[in-house]
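This is start.cif (mmCIF, C-alpha atoms).
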```cif
data_my_file
#
loop_
_atom_site.label_atom_id
_atom_site.label_comp_id
_atom_site.auth_asym_id
_atom_site.auth_seq_id
_atom_site.Cartn_x
_atom_site.Cartn_y
_atom_site.Cartn_z
CA MET A 1 110.13 82.54 57.91
CA LYS A 2 106.62 81.42 56.93
CA TYR A 3 107.82 77.82 57.04
CA MET A 4 109.12 78.27 60.60
CA LEU A 5 105.82 79.80 61.72
CA VAL A 6 103.89 76.86 60.28
CA VAL A 7 106.18 74.39 62.04
CA LEU A 8 105.87 76.21 65.36
CA PHE A 9 102.08 76.35 65.04
CA PHE A 10 101.97 72.62 64.25
CA LEU A 11 104.17 71.75 67.21
CA GLN A 12 102.06 73.88 69.54
CA ALA A 13 98.85 72.28 68.33
CA LEU A 14 100.38 68.84 68.74
CA SER A 15 101.45 69.76 72.28
CA VAL A 16 97.92 70.91 73.21
CA LEU A 17 96.41 67.78 71.70
CA SER A 18 98.91 65.60 73.53
CA SER A 19 98.17 67.41 76.79
CA ALA A 20 94.40 66.96 76.33
CA ASN A 21 94.85 63.26 75.53
CA GLU A 22 97.00 62.88 78.63
CA VAL A 23 94.28 64.43 80.80
CA CYS A 24 91.67 62.12 79.28
CA GLU A 25 93.84 59.10 80.02
CA LYS A 26 94.79 60.08 83.57
CA GLU A 27 91.59 61.67 84.87
CA LYS A 28 88.80 59.51 86.20
CA LYS A 29 86.24 58.88 83.47
CA TYR A 30 83.14 61.09 83.81
CA SER A 31 84.77 63.33 86.44
CA GLN A 32 84.30 67.09 86.14
CA VAL A 33 87.88 67.62 84.90
CA TRP A 34 87.37 64.80 82.38
CA TYR A 35 84.33 66.61 80.98
CA TYR A 36 85.98 70.06 81.09
CA ASN A 37 88.73 68.72 78.81
CA ASN A 38 86.13 67.49 76.29
CA CYS A 39 87.09 63.88 76.83
CA ASP A 40 83.49 62.91 76.08
CA LYS A 41 83.61 63.96 72.42
CA SER A 42 84.02 60.42 71.12
CA ILE A 43 81.09 59.00 73.06
CA THR A 44 78.27 57.34 71.14
CA LYS A 45 75.39 55.25 72.31
CA ASN A 46 75.93 51.48 72.26
CA GLY A 47 74.61 49.98 69.09
CA ASN A 48 74.84 50.97 65.47
CA LYS A 49 77.18 53.96 65.50
CA ASN A 50 76.27 54.86 61.93
CA LYS A 51 72.76 55.81 62.88
CA GLU A 52 72.30 59.52 63.52
CA THR A 53 69.83 58.78 66.32
CA ASN A 54 72.56 57.01 68.29
CA LYS A 55 75.08 59.84 68.13
CA VAL A 56 75.70 61.97 71.19
CA LYS A 57 75.82 65.68 70.40
CA ILE A 58 78.55 67.45 72.37
CA TYR A 59 77.98 71.14 73.00
CA LYS A 60 80.51 73.78 73.99
CA SER A 61 78.59 74.48 77.20
CA TRP A 62 78.37 72.10 80.13
CA SER A 63 74.62 71.57 79.65
CA ILE A 64 72.41 71.35 76.59
CA PRO A 65 71.74 74.93 75.43
CA GLN A 66 68.32 76.13 76.60
CA TYR A 67 66.53 76.26 73.25
CA VAL A 68 68.83 74.48 70.82
CA LYS A 69 67.33 73.28 67.55
CA PRO A 70 66.77 70.58 66.53
CA ASP A 71 65.75 69.00 69.82
CA PRO A 72 68.47 66.73 71.25
CA ASN A 73 68.06 63.05 70.54
CA LEU A 74 67.62 60.46 73.28
CA ALA A 75 71.30 59.46 73.30
CA THR A 76 72.29 63.09 73.93
CA ILE A 77 69.66 63.49 76.64
CA LYS A 78 70.92 60.37 78.42
CA HIS A 79 74.50 61.54 78.13
CA HIS A 80 73.74 64.88 79.79
CA PHE A 81 71.61 63.18 82.44
CA LYS A 82 74.62 61.06 83.40
CA LYS A 83 76.88 64.14 83.47
CA GLU A 84 74.68 65.88 86.03
CA ILE A 85 74.25 62.77 88.17
CA GLN A 86 78.00 62.12 88.13
CA LEU A 87 78.63 65.44 89.91
CA ILE A 88 77.25 63.94 93.12
CA LYS A 89 80.04 61.35 93.16
CA ASP A 90 82.77 63.66 91.88
CA PRO A 91 85.53 63.95 94.53
CA GLN A 92 86.03 67.61 93.60
CA MET A 93 82.55 68.46 94.83
CA GLY A 94 81.61 68.99 98.45
CA TRP A 95 78.11 68.50 99.80
CA ASN A 96 76.16 69.40 102.88
CA LYS A 97 73.98 66.31 103.17
CA ILE A 98 70.57 66.94 104.67
CA LYS A 99 69.55 63.46 105.75
CA PRO A 100 65.92 62.50 106.31
CA SER A 101 64.74 62.23 109.90
CA GLY A 102 62.10 59.62 109.08
CA ASN A 103 59.13 61.91 109.63
CA HIS A 104 58.11 62.42 105.99
CA LYS A 105 54.49 62.05 104.96
CA GLU A 106 53.21 60.42 101.79
CA PHE A 107 51.06 62.54 99.51
CA LYS A 108 47.39 61.83 99.16
CA LYS A 109 46.59 60.90 95.57
CA GLN A 110 43.51 61.46 93.44
CA LEU A 111 45.27 60.68 90.20
CA GLU A 112 43.99 61.49 86.76
CA THR A 113 45.49 60.58 83.39
CA ASN A 114 45.96 62.94 80.49
CA GLN A 115 46.97 61.86 77.00
CA PHE A 116 48.84 65.06 76.17
CA LEU A 117 50.94 64.66 79.32
CA LYS A 118 51.59 61.02 78.43
CA ASP A 119 52.74 62.11 74.97
CA GLN A 120 55.07 64.72 76.47
CA MET A 121 56.60 62.15 78.80
CA ASN A 122 57.23 59.87 75.82
CA SER A 123 58.74 62.50 73.54
CA SER A 124 60.43 65.20 75.66
CA SER A 125 63.23 65.34 78.23
CA ILE A 126 60.90 65.51 81.24
CA LEU A 127 61.99 63.23 84.07
CA SER A 128 59.11 63.96 86.43
CA TYR A 129 55.86 65.90 86.33
CA LEU A 130 53.88 66.47 89.53
CA TYR A 131 50.71 68.51 89.90
CA TYR A 132 49.39 69.00 93.44
CA GLU A 133 46.09 70.71 94.19
CA LYS A 134 44.34 71.34 97.49
CA GLY A 135 45.91 68.47 99.39
CA SER A 136 46.16 65.83 96.67
CA LEU A 137 48.34 64.81 93.76
CA ILE A 138 46.34 65.04 90.55
CA TYR A 139 49.04 64.25 87.96
CA ASP A 140 52.04 62.10 88.84
CA GLU A 141 54.14 61.03 85.86
CA ILE A 142 57.71 59.76 85.68
CA THR A 143 59.81 59.20 82.55
CA PRO A 144 58.94 55.82 81.01
CA LYS A 145 61.39 52.92 80.70
CA ASN A 146 61.95 53.53 76.97
CA ARG A 147 63.10 57.09 77.75
CA LEU A 148 65.10 57.52 80.96
CA GLY A 149 63.09 55.28 83.27
CA LYS A 150 65.97 52.85 83.73
CA LEU A 151 68.15 55.69 85.01
CA TYR A 152 65.71 57.94 86.87
CA LYS A 153 63.46 56.71 89.68
CA ASN A 154 61.56 58.08 92.68
CA ASN A 155 64.71 58.07 94.81
CA THR A 156 67.01 59.61 92.19
CA PRO A 157 68.34 63.05 93.19
CA TRP A 158 68.21 65.66 90.44
CA ILE A 159 69.91 69.03 90.08
CA SER A 160 67.96 72.17 90.93
CA ASN A 161 69.98 74.62 88.85
CA SER A 162 68.56 78.08 89.63
CA VAL A 163 65.55 76.66 91.42
CA GLY A 164 68.15 76.45 94.19
CA LYS A 165 68.29 80.26 94.31
CA SER A 166 64.71 80.31 95.55
CA ILE A 167 65.47 77.57 98.09
CA VAL A 168 68.29 79.78 99.42
CA SER A 169 65.80 82.62 99.83
CA TYR A 170 63.44 80.34 101.76
CA LEU A 171 66.33 79.41 104.05
CA VAL A 172 67.00 83.12 104.62
CA GLY A 173 63.38 83.53 105.73
CA ASN A 174 63.80 80.73 108.25
CA ALA A 175 67.03 82.30 109.52
CA ILE A 176 65.27 85.65 110.00
CA CYS A 177 62.51 83.95 111.97
CA GLU A 178 65.10 82.26 114.18
CA GLY A 179 66.68 85.62 114.92
CA LYS A 180 69.92 84.89 113.11
CA ILE A 181 69.33 87.75 110.65
CA GLU A 182 67.45 90.90 111.65
CA GLY A 183 65.34 91.23 108.50
CA ILE A 184 65.31 91.87 104.77
CA ASN A 185 66.55 95.43 105.29
CA THR A 186 69.62 94.26 107.17
CA LYS A 187 72.83 95.70 105.77
CA LEU A 188 75.71 93.36 105.01
CA ASN A 189 78.23 95.35 107.02
CA ASP A 190 78.99 92.73 109.66
CA TRP A 191 80.78 90.29 107.34
CA PRO A 192 84.48 91.17 107.00
CA LEU A 193 84.97 88.80 104.06
CA ILE A 194 83.20 91.17 101.65
CA LYS A 195 84.58 94.43 102.99
CA ASN A 196 85.93 96.64 100.18
CA THR A 197 83.54 95.01 97.69
CA LEU A 198 80.36 96.40 96.18
CA TYR A 199 78.18 94.07 98.30
CA TYR A 200 79.40 95.42 101.64
CA ASP A 201 76.88 97.65 103.44
CA GLN A 202 74.13 96.85 100.93
CA LYS A 203 70.64 95.90 102.07
CA LEU A 204 69.87 92.20 101.96
CA ILE A 205 66.64 92.83 100.01
CA ASP A 206 68.57 94.50 97.17
CA ILE A 207 70.81 91.48 96.77
CA LEU A 208 67.82 89.14 97.05
CA ASN A 209 66.11 91.13 94.30
CA MET A 210 69.18 90.98 92.03
CA ASN A 211 69.31 94.75 92.36
CA ALA A 212 72.81 95.12 93.78
CA GLY A 213 74.26 97.16 90.94
CA ASP A 214 76.89 94.53 90.11
CA LYS A 215 76.49 94.48 86.32
CA ASN A 216 79.98 95.88 85.68
CA TYR A 217 81.66 92.96 87.43
CA VAL A 218 79.73 89.77 86.72
CA SER A 219 77.86 88.11 83.88
CA ASP A 220 75.60 85.10 84.19
CA SER A 221 76.95 83.71 80.93
CA ASP A 222 80.68 84.42 81.26
CA GLY A 223 81.29 84.66 85.00
CA MET A 224 83.52 87.44 86.29
CA ARG A 225 83.91 90.03 83.56
CA SER A 226 87.56 90.91 84.17
CA THR A 227 88.94 87.37 84.31
CA LYS A 228 86.18 85.08 83.00
CA ARG A 229 86.50 82.98 86.14
CA TRP A 230 83.26 81.12 86.85
CA TYR A 231 81.86 82.17 90.22
CA ASN A 232 80.43 78.75 91.10
CA VAL A 233 83.89 77.15 91.34
CA HIS A 234 85.68 79.92 93.26
CA THR A 235 85.20 81.00 96.86
CA ILE A 236 83.82 84.39 97.84
CA LYS A 237 87.20 85.14 99.41
CA ALA A 238 89.00 84.47 96.12
CA LEU A 239 86.63 86.74 94.21
CA ALA A 240 86.70 89.45 96.89
CA ASN A 241 90.49 89.56 96.79
CA ARG A 242 90.64 89.83 93.02
CA GLU A 243 87.72 90.68 90.76
CA LEU A 244 85.65 92.41 93.44
CA LYS A 245 88.45 94.19 95.26
CA ASN A 246 87.56 97.90 95.65
CA SER A 247 84.50 97.35 93.42
CA LYS A 248 81.69 99.91 93.51
CA PRO A 249 77.99 99.34 92.81
CA ILE A 250 76.06 101.22 90.16
CA GLU A 251 74.33 104.31 91.53
CA TYR A 252 71.05 103.18 93.13
CA SER A 253 68.77 105.38 91.01
CA LYS A 254 70.26 103.89 87.84
CA ARG A 255 69.96 100.24 88.80
CA LYS A 256 67.71 97.67 87.19
CA HIS A 257 67.03 94.03 87.92
CA TYR A 258 70.20 92.22 86.86
CA TYR A 259 70.11 88.45 87.16
CA ASN A 260 73.26 86.56 88.15
CA GLY A 261 74.25 83.64 90.35
CA LEU A 262 77.03 85.42 92.22
CA ALA A 263 74.44 87.49 94.09
CA THR A 264 72.85 84.28 95.40
CA ASN A 265 76.23 82.88 96.40
CA ILE A 266 76.81 86.08 98.38
CA ILE A 267 73.45 85.51 100.11
CA ILE A 268 73.99 81.86 101.02
CA ASN A 269 77.49 82.49 102.35
CA TYR A 270 76.21 85.45 104.38
CA LEU A 271 73.66 83.01 105.79
CA VAL A 272 76.51 80.59 106.62
CA HIS A 273 78.28 83.44 108.40
CA LYS A 274 75.16 84.39 110.38
CA THR A 275 74.66 80.78 111.52
CA ASP A 276 78.11 80.94 113.11
CA TYR A 277 79.36 78.52 110.46
CA LYS A 278 77.11 75.78 111.78
CA PHE A 279 75.27 75.76 108.49
CA ARG A 280 74.76 72.01 108.23
CA ASN A 281 73.02 72.01 111.61
CA PHE A 282 70.80 74.86 110.43
CA LEU A 283 69.95 72.99 107.21
CA ASN A 284 69.09 69.79 109.03
CA LYS A 285 66.92 71.60 111.57
CA THR A 286 65.05 73.60 108.91
CA PHE A 287 64.38 70.61 106.68
CA GLU A 288 63.35 68.42 109.61
CA ASN A 289 60.92 71.01 110.96
CA LYS A 290 59.55 72.32 107.67
CA VAL A 291 60.21 70.04 104.70
CA ASN A 292 60.33 66.54 106.21
CA ASN A 293 62.34 65.23 103.27
CA GLN A 294 62.11 61.52 102.45
CA HIS A 295 65.57 61.23 100.90
CA THR A 296 68.91 62.97 101.36
CA VAL A 297 68.96 66.51 99.98
CA ARG A 298 72.38 67.84 98.94
CA SER A 299 73.60 71.43 99.10
CA LYS A 300 76.76 72.06 97.06
CA LYS A 301 79.97 73.62 98.32
CA ILE A 302 83.39 74.20 96.74
CA LEU A 303 85.78 71.56 98.06
CA PHE A 304 89.11 72.57 96.54
CA VAL A 305 90.81 75.85 95.67
CA ARG A 306 91.05 76.48 91.93
CA ASN A 307 93.88 78.09 89.99
CA ASP A 308 93.56 80.59 87.15
CA LYS A 309 92.88 77.81 84.64
CA ASN A 310 89.88 76.63 86.69
CA ARG A 311 91.68 73.44 87.68
CA GLN A 312 91.65 72.33 91.27
CA THR A 313 94.74 72.35 93.48
CA LYS A 314 95.31 70.03 96.40
CA LYS A 315 94.51 72.83 98.84
CA ARG A 316 91.13 72.35 100.49
CA THR A 317 88.80 75.26 101.07
CA LYS A 318 87.58 76.56 104.43
CA ILE A 319 83.96 77.26 105.26
CA LYS A 320 84.77 80.83 106.35
CA ASP A 321 86.14 81.56 102.86
CA GLY A 322 82.62 81.43 101.42
CA ILE A 323 82.43 78.01 99.79
CA SER A 324 78.67 77.40 99.55
CA THR A 325 76.73 77.73 96.29
CA TYR A 326 73.02 77.77 95.47
CA THR A 327 72.96 74.30 93.84
CA PHE A 328 70.80 71.62 95.44
CA TYR A 329 70.00 68.04 94.53
CA ALA A 330 66.72 66.50 95.67
CA THR A 331 64.31 63.75 94.62
CA ARG A 332 61.07 64.46 92.81
CA TYR A 333 58.73 64.21 95.80
CA ASP A 334 61.15 66.13 98.03
CA TYR A 335 61.05 69.07 95.63
CA LEU A 336 57.28 68.98 96.08
CA ARG A 337 57.74 68.86 99.85
CA ILE A 338 59.93 71.98 99.70
CA ALA A 339 57.25 73.79 97.69
CA LYS A 340 54.49 72.63 100.03
CA ALA A 341 56.47 73.92 103.03
CA MET A 342 56.48 77.36 101.40
CA MET A 343 52.76 77.12 100.68
CA ASP A 344 51.99 76.10 104.26
CA ASP A 345 53.98 79.05 105.61
CA TRP A 346 52.19 81.50 103.32
CA GLN A 347 48.69 80.19 103.97
CA LYS A 348 49.15 79.84 107.73
CA ASP A 349 50.72 83.30 107.87
CA THR A 350 53.66 82.04 109.90
CA CYS A 351 56.75 84.16 110.46
CA VAL A 352 58.30 82.67 107.30
CA GLY A 353 55.00 83.22 105.50
CA LYS A 354 55.19 86.90 106.43
CA TYR A 355 58.75 86.94 105.04
CA LEU A 356 57.50 85.59 101.70
CA LYS A 357 54.73 88.21 101.65
CA ASP A 358 57.29 90.93 102.42
CA LEU A 359 59.27 89.78 99.42
CA ALA A 360 56.16 90.15 97.27
CA LYS A 361 55.55 93.66 98.62
CA ASN A 362 59.15 94.58 97.74
CA LYS A 363 59.10 93.12 94.24
CA ILE A 364 60.79 95.01 91.43
CA PRO A 365 60.01 95.05 87.70
CA LYS A 366 61.94 92.85 85.30
CA LYS A 367 61.83 92.48 81.56
CA ARG A 368 59.03 90.20 80.43
CA TYR A 369 60.08 87.93 77.56
CA ILE A 370 57.12 86.93 75.43
CA TYR A 371 58.52 84.04 73.41
CA GLU A 372 55.66 81.92 72.15
CA GLU A 373 58.07 79.29 70.77
CA GLN A 374 59.38 78.87 74.34
CA GLY A 375 55.90 78.47 75.77
CA PHE A 376 56.03 81.87 77.51
CA ARG A 377 58.36 80.41 80.12
CA PHE A 378 59.96 83.78 80.89
CA SER A 379 56.68 85.71 80.85
CA SER A 380 56.88 86.95 84.45
CA LYS A 381 57.19 90.70 84.79
CA SER A 382 58.31 90.98 88.43
CA TYR A 383 61.06 89.59 90.63
CA ALA A 384 60.84 89.26 94.40
CA GLY A 385 63.65 87.90 96.54
CA GLN A 386 64.79 85.11 94.18
CA PHE A 387 61.25 84.31 93.01
CA TYR A 388 59.43 85.19 89.76
CA LEU A 389 56.02 86.87 90.00
CA ASP A 390 53.26 88.19 87.76
CA TYR A 391 53.16 85.68 84.93
CA LEU A 392 51.30 86.40 81.72
CA ASP A 393 47.51 86.49 82.32
CA LEU A 394 48.06 85.46 85.96
CA GLU A 395 49.13 88.80 87.40
CA GLU A 396 46.19 89.01 89.80
CA ARG A 397 47.19 85.81 91.61
CA ASN A 398 49.84 85.24 94.27
CA ILE A 399 52.01 82.83 92.32
CA PHE A 400 55.71 82.31 93.02
CA GLY A 401 57.83 80.82 90.25
CA LEU A 402 61.08 78.92 90.84
CA ASP A 403 62.93 78.54 87.56
CA GLY A 404 66.19 76.81 86.70
CA TYR A 405 68.39 76.29 83.66
CA GLY A 406 67.24 73.58 81.30
CA GLY A 407 63.58 73.87 82.26
CA GLN A 408 63.64 72.94 85.96
CA ASN A 409 60.47 74.49 87.29
CA ILE A 410 58.34 74.81 90.40
CA MET A 411 55.22 76.96 90.45
CA ILE A 412 53.36 77.69 93.69
CA ASP A 413 49.89 79.22 93.50
CA PHE A 414 49.17 80.30 97.07
CA ASP A 415 45.61 81.43 96.26
CA GLU A 416 44.39 78.25 94.57
CA SER A 417 46.63 75.81 96.54
CA ARG A 418 48.27 74.53 93.37
CA ILE A 419 51.85 73.35 92.90
CA ILE A 420 53.58 72.14 89.74
CA VAL A 421 57.02 70.51 89.88
CA ILE A 422 58.94 69.65 86.72
CA ASN A 423 62.34 67.96 86.67
CA THR A 424 63.87 67.66 83.23
CA VAL A 425 67.12 67.37 81.30
CA HIS A 426 66.12 69.97 78.70
CA THR A 427 63.49 72.58 77.88
CA ASN A 428 61.82 70.70 75.02
CA TYR A 429 58.39 70.45 76.65
CA ASP A 430 55.26 72.56 76.27
CA PHE A 431 55.52 75.06 79.12
CA LYS A 432 52.28 76.84 78.22
CA ARG A 433 50.07 73.75 78.33
CA LEU A 434 51.85 71.96 81.17
CA VAL A 435 52.36 74.97 83.42
CA LEU A 436 50.55 78.22 82.61
CA ASP A 437 47.31 76.62 81.42
CA VAL A 438 47.24 74.25 84.39
CA LEU A 439 47.59 77.18 86.80
CA LYS A 440 44.71 78.92 85.00
CA HIS A 441 42.32 76.01 84.66
CA GLY A 442 43.43 73.41 87.21
CA ARG A 443 43.90 70.76 84.55
CA ILE A 444 45.85 70.15 81.33
CA LYS A 445 43.76 71.24 78.35
#
```
Would you put the structure from the file into structure tokens?
Amino acid sequence: MKYMLVVLFFLQALSVLSSANEVCEKEKKYSQVWYYNNCDKSITKNGNKNKETNKVKIYKSWSIPQYVKPDPNLATIKHHFKKEIQLIKDPQMGWNKIKPSGNHKEFKKQLETNQFLKDQMNSSSILSYLYYEKGSLIYDEITPKNRLGKLYKNNTPWISNSVGKSIVSYLVGNAICEGKIEGINTKLNDWPLIKNTLYYDQKLIDILNMNAGDKNYVSDSDGMRSTKRWYNVHTIKALANRELKNSKPIEYSKRKHYYNGLATNIIINYLVHKTDYKFRNFLNKTFENKVNNQHTVRSKKILFVRNDKNRQTKKRTKIKDGISTYTFYATRYDYLRIAKAMMDDWQKDTCVGKYLKDLAKNKIPKKRYIYEEQGFRFSSKSYAGQFYLDYLDLEERNIFGLDGYGGQNIMIDFDESRIIVINTVHTNYDFKRLVLDVLKHGRIK
């Protein structure tokens, strides 16, 4: 009997291995399915494969873990850079392309050099570091040729990760000011797609604040709790008909800030609904009037229906099924243009500026994580409509933080007219000196 069990186990393992090898052979190299099946495990950097520095470290997660030790080597950083860039060309991905209208403006420069910043660019995963103050660029550094400079340039689009959540919120503000949404206290009871789910009839501000009481149904690490399906590859319709069907929110008095990406996907697809499903037109108009992007900005959408094993079927999705996600790709200067558009709205007290100030007035407390070894990156103590507020020792200032997985970061100091934009592959840079200290002192110390 034991012998039979061993044989059956061996045959099953051989079958799985054979199936995985078949996928790796048939799927397009570097496609999302190719990566999901761990076909990249044998990759090493060209050169001497016996050298540890040339080996690519493959992690269980899609991206490099946030604070993995030891720091990833250059070969691993390049490998994960290529993974993220490849998503743009992956046929499984859909994109709303926000093309430039040709009205962008170049930034005035009063550039200074800083040796510590130079050292960080030569040793960390930072792709781009921009510091803008009172109308001029003060620091403007891009990854050198011996790091990722041959791969990443001024016109290279880079993933926003959760920085895109804040961009979604900014779009909501523009939609409110165009009369497409009544205001932040609007209830989501005019969208049939989410009827009989916990999000129906909730106030927009509660979902913006990650205060929707959805903790029992979704996790930002595992996806949907009941099925483990990842919310960024399934439509809102699919989730509403299964995991969220007849779901109920936590009682309001017992809720706390609970961060997850599904809430933002609910928001962006509600926005798509309120623009009468002419979302691309809305995006192009908003970016042309406010951002004036120099290069194409991409907003991700789910192109194909997925089955229970997270593999795509041949059935294409429909925009009314809730296919948009919060992921954006933009170039380094266009991220700065997005941030400057927010700053202009705030300082000029435009309708959208009033929306941003209303978010600040309706902020809720969140747990402040004081991790010195992480450079106090998560040291904000408040959350306001997809933005982080009240950073350590900066609580008295009106500073909005946009933060994304892997260290993507935009900080906007409305009071001192300062903006910091960091694009990176990984978190292995000094957040305290490059971000918090710069906001305090205006320069890198």
Chain and number of each residue from the PyMOL selection byres ((chain A and resi 214) around 8), as a PyMOL selection string: chain A and resi 198+211-213+215-218+248-250+258
Non-local contacts of Leu283 (chain A) (12 Å; only C-alpha atoms; under 4 positions in same chain excluded) as a VMD selection string: chain A and resid 95 to 100 167 to 168 170 to 172 174 to 175 268 271 to 272 275 277 to 279 287 to 293 296 to 299 328
Let's have the selection written as a JSON list (two decimals), in the frame of the given file, with C-alpha atoms.
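Generated file (out_5.json):
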```
[["chain", "number", "residue", "atom", "x", "y", "z"],
["A", 95, "TRP", "CA", 78.11, 68.50, 99.80],
["A", 96, "ASN", "CA", 76.16, 69.40, 102.88],
["A", 97, "LYS", "CA", 73.98, 66.31, 103.17],
["A", 98, "ILE", "CA", 70.57, 66.94, 104.67],
["A", 99, "LYS", "CA", 69.55, 63.46, 105.75],
["A", 100, "PRO", "CA", 65.92, 62.50, 106.31],
["A", 167, "ILE", "CA", 65.47, 77.57, 98.09],
["A", 168, "VAL", "CA", 68.29, 79.78, 99.42],
["A", 170, "TYR", "CA", 63.44, 80.34, 101.76],
["A", 171, "LEU", "CA", 66.33, 79.41, 104.05],
["A", 172, "VAL", "CA", 67.00, 83.12, 104.62],
["A", 174, "ASN", "CA", 63.80, 80.73, 108.25],
["A", 175, "ALA", "CA", 67.03, 82.30, 109.52],
["A", 268, "ILE", "CA", 73.99, 81.86, 101.02],
["A", 271, "LEU", "CA", 73.66, 83.01, 105.79],
["A", 272, "VAL", "CA", 76.51, 80.59, 106.62],
["A", 275, "THR", "CA", 74.66, 80.78, 111.52],
["A", 277, "TYR", "CA", 79.36, 78.52, 110.46],
["A", 278, "LYS", "CA", 77.11, 75.78, 111.78],
["A", 279, "PHE", "CA", 75.27, 75.76, 108.49],
["A", 287, "PHE", "CA", 64.38, 70.61, 106.68],
["A", 288, "GLU", "CA", 63.35, 68.42, 109.61],
["A", 289, "ASN", "CA", 60.92, 71.01, 110.96],
["A", 290, "LYS", "CA", 59.55, 72.32, 107.67],
["A", 291, "VAL", "CA", 60.21, 70.04, 104.70],
["A", 292, "ASN", "CA", 60.33, 66.54, 106.21],
["A", 293, "ASN", "CA", 62.34, 65.23, 103.27],
["A", 296, "THR", "CA", 68.91, 62.97, 101.36],
["A", 297, "VAL", "CA", 68.96, 66.51, 99.98],
["A", 298, "ARG", "CA", 72.38, 67.84, 98.94],
["A", 299, "SER", "CA", 73.60, 71.43, 99.10],
["A", 328, "PHE", "CA", 70.80, 71.62, 95.44]]
```
All residues 7 Å or closer to Met411 (chain A), only C-alpha atoms, same chain fewer than 6 positions away omitted, as a PyMOL selection string: chain A and resi 399-402+419-421
12 Å contact set for Leu148 (chain A), all atoms listed in the file, chain neighbours under 3 positions out, as a count of residues only: 27
Selection as an NGL selection string: residues within 7 Å of (93.9, 76.5, 98.2), counting all atoms listed in the file: :A and (304-306 or 313-317)
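Selection result for the displayed file, with the PyMOL selection byres ((chain A and resi 185-187) around 9) as criterion, is Ile181, Glu182, Gly183, Ile184, Leu188, Asn189, Asp190, Tyr200, Asp201, Gln202, Lys203, Leu204, Ile205 and Asp206 of chain A.
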Contacts of Asn269 (chain A) within 12 Å, only C-alpha atoms, excl. fewer than 2 positions in-chain, as an MDAnalysis selection string: chainID A and resid 168:169 171:172 188 191 193:194 235:237 262:267 271:279 300:302 318:326
Interatomic distance, CA of Pro365 (chain A) to CA of Lys432 (chain A) (Å, one decimal):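 About the pair CA of Pro365 (chain A) and CA of Lys432 (chain A): they are 21.9 Å apart.
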Residue with smallest distance to Met342 (chain A) - pool A:Asn281, A:Leu436, A:Ile422, A:Ser166, counting all atoms listed in the file: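 The answer is A:Ser166, which sits nearest to Met342 (chain A).
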Point-to-point distance from CA of Tyr231 (chain A) to CA of Ser253 (chain A), Å rounded to tenths: 26.7 Å
Straight-line distance linking CA of Tyr388 (chain A) with CA of Lys354 (chain A), stated in Å to one decimal: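 Between these atoms lies a distance of 17.3 Å.
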